[in-house]
>>> print(open('run-v9.cif').read())   # mmCIF, C-alpha atoms
data_final
loop_
_atom_site.label_atom_id
_atom_site.label_comp_id
_atom_site.auth_asym_id
_atom_site.auth_seq_id
_atom_site.Cartn_x
_atom_site.Cartn_y
_atom_site.Cartn_z
CA MET I 130 23.61 -1.45 -76.39
CA GLN I 131 20.84 0.16 -78.38
CA PHE I 132 18.00 -1.52 -80.22
CA THR I 133 15.44 -0.26 -82.70
CA HIS I 134 11.78 -0.66 -81.75
CA TYR I 135 11.67 -4.10 -83.35
CA GLY I 136 14.97 -5.19 -81.90
CA GLY I 137 14.15 -3.74 -78.48
CA GLU I 138 10.52 -3.65 -77.44
CA ALA I 139 9.59 -6.55 -79.70
CA ALA I 140 12.50 -8.63 -78.38
CA LEU I 141 11.36 -7.81 -74.85
CA LEU I 142 7.84 -8.80 -75.87
CA ALA I 143 9.24 -12.18 -76.92
CA VAL I 144 10.89 -12.46 -73.49
CA ASP I 145 7.63 -11.50 -71.75
CA LEU I 146 5.68 -14.11 -73.72
CA VAL I 147 8.22 -16.85 -72.97
CA ASN I 148 8.37 -15.95 -69.28
CA ALA I 149 4.57 -15.75 -69.02
CA THR I 150 4.43 -19.51 -69.63
CA ALA I 151 6.71 -20.18 -66.62
CA ASP I 152 3.83 -20.35 -64.14
CA GLY I 153 1.90 -22.82 -66.30
CA ALA I 154 -1.30 -20.75 -66.37
CA PRO I 155 -2.97 -20.55 -69.78
CA PHE I 156 -2.91 -17.23 -71.62
CA THR I 157 -6.14 -15.27 -71.58
CA PRO I 158 -7.06 -12.01 -73.28
CA GLU I 159 -7.13 -10.38 -69.82
CA THR I 160 -3.60 -11.50 -68.90
CA LEU I 161 -2.12 -10.66 -72.31
CA GLU I 162 -3.57 -7.16 -72.70
CA PRO I 163 -1.35 -5.44 -70.08
CA LEU I 164 1.71 -7.38 -71.26
CA LEU I 165 1.11 -6.25 -74.86
CA ALA I 166 0.38 -2.68 -73.74
CA ALA I 167 3.63 -2.52 -71.78
CA ARG I 168 5.57 -3.26 -74.97
CA GLY I 169 3.72 -0.77 -77.17
CA THR I 170 1.56 -3.23 -79.09
CA THR I 171 -1.33 -1.15 -80.35
CA ARG I 172 -3.64 -4.02 -81.35
CA ARG I 173 -3.89 -5.88 -78.08
CA SER I 174 -7.56 -6.79 -77.82
CA LEU I 175 -7.55 -10.55 -78.36
CA THR I 176 -10.16 -13.28 -78.36
CA ALA I 177 -9.68 -16.43 -76.27
CA GLY I 178 -8.69 -18.29 -79.44
CA GLU I 179 -6.11 -15.65 -80.34
CA ALA I 180 -4.70 -15.77 -76.80
CA ALA I 181 -4.28 -19.53 -77.21
CA GLU I 182 -2.46 -18.94 -80.53
CA VAL I 183 -0.12 -16.46 -78.83
CA GLU I 184 0.52 -19.01 -76.08
CA ALA I 185 1.44 -21.64 -78.67
CA TRP I 186 3.74 -19.08 -80.32
CA SER I 187 5.41 -18.38 -76.97
CA HIS I 188 6.32 -22.08 -76.75
CA ARG I 189 7.93 -21.77 -80.20
CA LEU I 190 9.93 -18.73 -79.02
CA ALA I 191 11.20 -20.39 -75.83
CA PRO I 192 13.99 -22.57 -77.32
CA CYS I 193 15.62 -19.46 -78.80
CA PHE I 194 16.79 -18.36 -75.34
CA GLY I 195 19.64 -19.73 -73.26
CA PRO I 196 22.91 -21.45 -74.04
CA ARG I 197 22.72 -22.72 -77.61
CA ASP I 198 24.90 -23.61 -80.52
CA PRO I 199 24.84 -20.57 -82.85
CA GLU I 200 23.72 -22.63 -85.84
CA ALA I 201 20.87 -24.25 -83.88
CA ARG I 202 19.69 -20.85 -82.67
CA ARG I 203 19.81 -19.45 -86.22
CA GLU I 204 17.82 -22.43 -87.48
CA ASP I 205 15.21 -21.93 -84.75
CA VAL I 206 14.84 -18.22 -85.52
CA ASN I 207 14.77 -18.85 -89.27
CA GLY I 208 11.96 -21.34 -88.62
CA LEU I 209 10.07 -18.65 -86.70
CA LEU I 210 10.60 -16.17 -89.52
CA THR I 211 9.26 -18.70 -92.02
CA GLU I 212 6.30 -19.51 -89.80
CA ALA I 213 5.54 -15.83 -89.25
CA ALA I 214 5.56 -15.34 -93.04
CA SER I 215 5.64 -11.59 -92.78
CA LYS I 216 6.05 -9.14 -95.62
CA PRO I 217 7.90 -6.12 -94.25
CA TYR I 218 7.04 -2.73 -95.70
CA ILE I 219 8.07 0.86 -95.09
CA THR I 220 5.46 3.18 -93.64
CA VAL I 221 5.10 6.69 -92.28
CA HIS I 222 2.29 7.45 -89.84
CA ASP I 223 1.57 9.60 -86.82
CA GLY I 224 4.34 12.01 -87.82
CA HIS I 225 7.05 9.39 -87.32
CA ALA I 226 10.04 8.96 -89.60
CA PRO I 227 9.85 6.18 -92.18
CA HIS I 228 10.10 2.80 -90.50
CA LEU I 229 9.42 -0.86 -91.12
CA HIS I 230 6.25 -2.71 -90.27
CA TYR I 231 6.49 -6.47 -90.34
CA ALA I 232 2.88 -7.55 -90.72
CA ASP I 233 -0.14 -6.43 -92.72
CA PRO I 234 -2.67 -4.96 -90.26
CA ALA I 235 -5.44 -6.86 -92.04
CA LEU I 236 -3.93 -10.14 -90.82
CA GLY I 237 -4.83 -9.41 -87.19
CA PRO I 238 -2.99 -9.08 -83.89
CA VAL I 239 -1.63 -12.64 -83.72
CA ALA I 240 0.11 -12.28 -87.08
CA HIS I 241 1.56 -8.98 -85.87
CA ILE I 242 2.86 -10.52 -82.63
CA ARG I 243 4.39 -13.44 -84.49
CA ALA I 244 6.01 -11.24 -87.12
CA VAL I 245 7.51 -8.66 -84.77
CA THR I 246 8.83 -11.15 -82.23
CA ALA I 247 10.45 -13.34 -84.91
CA ALA I 248 11.96 -10.28 -86.59
CA ALA I 249 13.18 -8.97 -83.24
CA LEU I 250 15.01 -12.19 -82.37
CA ALA I 251 16.60 -12.13 -85.82
CA HIS I 252 17.58 -8.50 -85.25
CA VAL I 253 19.24 -9.33 -81.93
CA ILE I 254 21.19 -12.23 -83.44
CA CYS I 255 22.33 -10.23 -86.48
CA PHE I 256 23.16 -6.92 -84.82
CA ALA I 257 24.02 -7.77 -81.21
CA GLY I 258 25.02 -11.45 -81.19
CA HIS I 259 23.27 -14.74 -80.61
CA THR I 260 24.51 -15.00 -77.00
CA ARG I 261 22.37 -11.97 -76.08
CA LEU I 262 19.29 -14.24 -75.91
CA GLY I 263 19.89 -15.67 -72.45
CA ARG I 264 18.38 -17.63 -69.60
CA CYS I 265 18.88 -16.78 -65.94
CA ALA I 266 21.83 -18.63 -64.40
CA ARG I 267 20.13 -18.93 -61.01
CA ALA I 268 19.28 -22.61 -60.59
CA ARG I 269 15.65 -22.16 -59.56
CA CYS I 270 14.83 -19.40 -62.04
CA GLY I 271 15.67 -19.94 -65.71
CA LEU I 272 13.66 -16.97 -66.99
CA ALA I 273 14.52 -15.69 -70.46
CA PHE I 274 16.11 -12.28 -71.03
CA VAL I 275 17.73 -10.15 -73.71
CA ASP I 276 21.20 -9.09 -72.61
CA THR I 277 21.34 -5.34 -73.17
CA SER I 278 24.50 -4.85 -71.14
CA ARG I 279 27.44 -3.07 -72.67
CA ASN I 280 29.80 -6.04 -72.52
CA GLY I 281 27.25 -8.78 -73.27
CA ARG I 282 28.08 -10.88 -70.22
CA ARG I 283 24.80 -10.76 -68.34
CA ALA I 284 23.99 -14.06 -66.68
CA TYR I 285 20.86 -13.30 -64.65
CA CYS I 286 17.36 -12.12 -65.51
CA SER I 287 17.44 -9.49 -62.77
CA VAL I 288 19.63 -7.93 -60.10
CA ARG I 289 17.53 -9.78 -57.54
CA CYS I 290 18.43 -13.19 -59.00
CA ALA I 291 22.11 -12.19 -59.24
CA ASN I 292 22.11 -11.12 -55.59
CA ASN I 293 20.24 -14.24 -54.42
CA ASP I 294 22.71 -16.44 -56.28
CA ALA I 295 25.69 -14.56 -54.81
CA VAL I 296 24.29 -14.96 -51.29
CA ALA I 297 23.70 -18.69 -51.87
CA ARG I 298 27.30 -19.14 -53.12
CA HIS I 299 28.61 -17.22 -50.10
CA ARG I 300 26.60 -19.38 -47.69
CA ARG I 301 27.83 -22.57 -49.37
CA ARG I 302 31.45 -21.38 -49.01
CA ASP I 303 30.89 -20.53 -45.34
CA ALA I 304 29.24 -23.89 -44.69
CA SER I 305 32.13 -25.80 -46.28
CA SER I 306 34.78 -23.88 -44.27
#
>>> encode(input="run-v9.cif", output="structure tokens")
Amino acid sequence: MQFTHYGGEAALLAVDLVNATADGAPFTPETLEPLLAARGTTRRSLTAGEAAEVEAWSHRLAPCFGPRDPEARREDVNGLLTEAASKPYITVHDGHAPHLHYADPALGPVAHIRAVTAAALAHVICFAGHTRLGRCARARCGLAFVDTSRNGRRAYCSVRCANNDAVARHRRRDASS
């Protein structure tokens, strides 16, 4: 499965933001900067207040992942799109081919993060399928992921969780024998 930048890296940024709240630690500019850099976000220098806004946004993104009724997921993502209130425009810069930008640079990094992550989730739903926004099936994990597998049947956030779950099932079968 292939994604555009907004459907791929921005969708993975949404996953990273949702999963960053799993440990309960508040977002800080220092913890967000490497996460944003890893996903190609160019404007990643945030204030403490902006980091708090991104954390609040991550809580809004979280319900979009995992088993959901398709209509409920669409409503959630449409709500994010409305809240992000972006105005997409076509641009050419740095020698790249024409492409879409989803937020006016003058609005700041938080508006950019909100716009691209909302657009990315919409992109995944429209072009890959709503079930591609998953949650790990391992009981003690539950991390969010975007299913980029060919057949769209991924159930775990990582190979490690899949293996740990398989070992646990095997041990339960052996114990009950």
>>> closest_atom_pairs(input="run-v9.cif", of="range 159-274 of chain I", to="range 289-300 of chain I", cutoff="9 Å", atoms="only C-alpha atoms", output="CSV")
residue,atom,partner,partner_atom,distance
I:Cys265,CA,I:Cys290,CA,7.8
I:Ala266,CA,I:Ala291,CA,8.3
I:Arg267,CA,I:Asp294,CA,5.9
I:Ala268,CA,I:Asp294,CA,8.3
I:Cys270,CA,I:Cys290,CA,7.8
>>> write_last_selection(input="run-v9.cif", atoms="C-alpha atoms", output="mmCIF file, in the frame of the given file")
data_model
loop_
_atom_site.group_PDB
_atom_site.id
_atom_site.type_symbol
_atom_site.label_atom_id
_atom_site.label_comp_id
_atom_site.auth_asym_id
_atom_site.auth_seq_id
_atom_site.Cartn_x
_atom_site.Cartn_y
_atom_site.Cartn_z
ATOM 1 C CA CYS I 265 18.880 -16.780 -65.940
ATOM 2 C CA ALA I 266 21.830 -18.630 -64.400
ATOM 3 C CA ARG I 267 20.130 -18.930 -61.010
ATOM 4 C CA ALA I 268 19.280 -22.610 -60.590
ATOM 5 C CA CYS I 270 14.830 -19.400 -62.040
#
>>> resolve_selection(input="run-v9.cif", expression="the PyMOL selection byres ((chain I and resi 214-224) around 12)", output="list in words")
Tyr135, Asn207, Gly208, Leu209, Leu210, Thr211, Glu212, Ala213, His225, Ala226, Pro227, His228, Leu229, His230, Tyr231, Ala232, Asp233, Pro234, Leu236, Val239, Ala240, His241, Ile242, Arg243, Ala244, Val245, Thr246, Ala247 and Ala248 of chain I
>>> resolve_selection(input="run-v9.cif", expression="the PyMOL selection byres ((chain I and resi 202) around 10)", output="VMD selection string")
chain I and resid 192 to 201 203 to 208 250 to 251 254 259 to 260 262
>>> residues_around(input="run-v9.cif", residues="Leu141 in chain I", least_positions_apart="6", cutoff="10 Å", atoms="all atoms listed in the file", output="list in words")
His134, Tyr135, Val147, Ala167, Arg168, Thr246, Ala249, Leu250, Ala273, Phe274 and Val275 of chain I
>>> resolve_selection(input="run-v9.cif", expression="the PyMOL selection byres ((chain I and resi 151-163) around 12)", output="JSON, numbers by chain")
{"I": [142, 144, 145, 146, 147, 148, 149, 150, 164, 165, 166, 167, 168, 169, 170, 171, 172, 173, 174, 175, 176, 177, 178, 179, 180, 181, 182, 183, 184, 185, 186, 187, 188, 191, 238, 239, 242, 269, 270, 271, 272, 273]}
>>> atom_distance(input="run-v9.cif", atom1="CA of Ala143 in chain I", atom2="CA of Ala235 in chain I")
21.7 Å
>>> atom_distance(input="run-v9.cif", atom1="CA of His252 in chain I", atom2="CA of Tyr285 in chain I")
21.4 Å
>>> atom_distance(input="run-v9.cif", atom1="CA of Cys286 in chain I", atom2="CA of Ala304 in chain I")
26.7 Å
>>> closest_residue(input="run-v9.cif", among="I:Glu138, I:Ser306, I:Arg264, I:Arg301", to="Ala284 in chain I", atoms="all atoms listed in the file")
I:Arg264
>>> axis_aligned_box(input="run-v9.cif", around="range 217-234 of chain I", padding_each_side="5 Å", output="JSON")
{"center_x": 3.7, "center_y": 2.2, "center_z": -91.3, "size_x": 22.8, "size_y": 29.6, "size_z": 18.9}
>>> build_atoms(input="run-v9.cif", residues="range 217-232 of chain I", atoms="N, CA, C and O atoms", output="compact mmCIF listing (two decimals), keeping the file's coordinate frame")
# COMPACT_ATOMS: atom_id res chain seq x y z
N PRO I 217 7.58 -7.46 -94.75
CA PRO I 217 7.90 -6.12 -94.25
C PRO I 217 7.64 -5.04 -95.30
O PRO I 217 7.78 -5.27 -96.49
N TYR I 218 7.24 -3.87 -94.82
CA TYR I 218 7.04 -2.73 -95.70
C TYR I 218 7.37 -1.45 -94.93
O TYR I 218 7.30 -1.42 -93.71
N ILE I 219 7.74 -0.43 -95.68
CA ILE I 219 8.07 0.86 -95.09
C ILE I 219 6.80 1.69 -94.99
O ILE I 219 6.01 1.75 -95.93
N THR I 220 6.64 2.35 -93.85
CA THR I 220 5.46 3.18 -93.64
C THR I 220 5.84 4.46 -92.93
O THR I 220 6.90 4.54 -92.31
N VAL I 221 4.98 5.44 -93.03
CA VAL I 221 5.10 6.69 -92.28
C VAL I 221 3.70 6.97 -91.74
O VAL I 221 2.73 7.01 -92.49
N HIS I 222 3.58 7.11 -90.45
CA HIS I 222 2.29 7.45 -89.84
C HIS I 222 2.52 8.18 -88.54
O HIS I 222 3.59 8.13 -87.96
N ASP I 223 1.53 8.87 -88.09
CA ASP I 223 1.57 9.60 -86.82
C ASP I 223 2.76 10.54 -86.71
O ASP I 223 3.29 10.76 -85.63
N GLY I 224 3.23 11.07 -87.85
CA GLY I 224 4.34 12.01 -87.82
C GLY I 224 5.69 11.39 -87.56
O GLY I 224 6.67 12.10 -87.35
N HIS I 225 5.77 10.06 -87.55
CA HIS I 225 7.05 9.39 -87.32
C HIS I 225 7.86 9.34 -88.60
O HIS I 225 7.33 9.44 -89.70
N ALA I 226 9.15 9.15 -88.46
CA ALA I 226 10.04 8.96 -89.60
C ALA I 226 9.70 7.63 -90.28
O ALA I 226 9.06 6.76 -89.67
N PRO I 227 10.11 7.46 -91.52
CA PRO I 227 9.85 6.18 -92.18
C PRO I 227 10.43 5.02 -91.36
O PRO I 227 11.52 5.13 -90.81
N HIS I 228 9.65 3.97 -91.25
CA HIS I 228 10.10 2.80 -90.50
C HIS I 228 9.43 1.55 -91.05
O HIS I 228 8.48 1.64 -91.83
N LEU I 229 9.94 0.41 -90.63
CA LEU I 229 9.42 -0.86 -91.12
C LEU I 229 8.26 -1.35 -90.27
O LEU I 229 8.27 -1.22 -89.04
N HIS I 230 7.28 -1.91 -90.92
CA HIS I 230 6.25 -2.71 -90.27
C HIS I 230 6.42 -4.12 -90.81
O HIS I 230 6.73 -4.31 -91.98
N TYR I 231 6.21 -5.09 -89.96
CA TYR I 231 6.49 -6.47 -90.34
C TYR I 231 5.26 -7.30 -90.66
O TYR I 231 5.40 -8.44 -91.08
N ALA I 232 4.08 -6.77 -90.43
CA ALA I 232 2.88 -7.55 -90.72
C ALA I 232 1.77 -6.64 -91.24
O ALA I 232 1.61 -5.51 -90.76
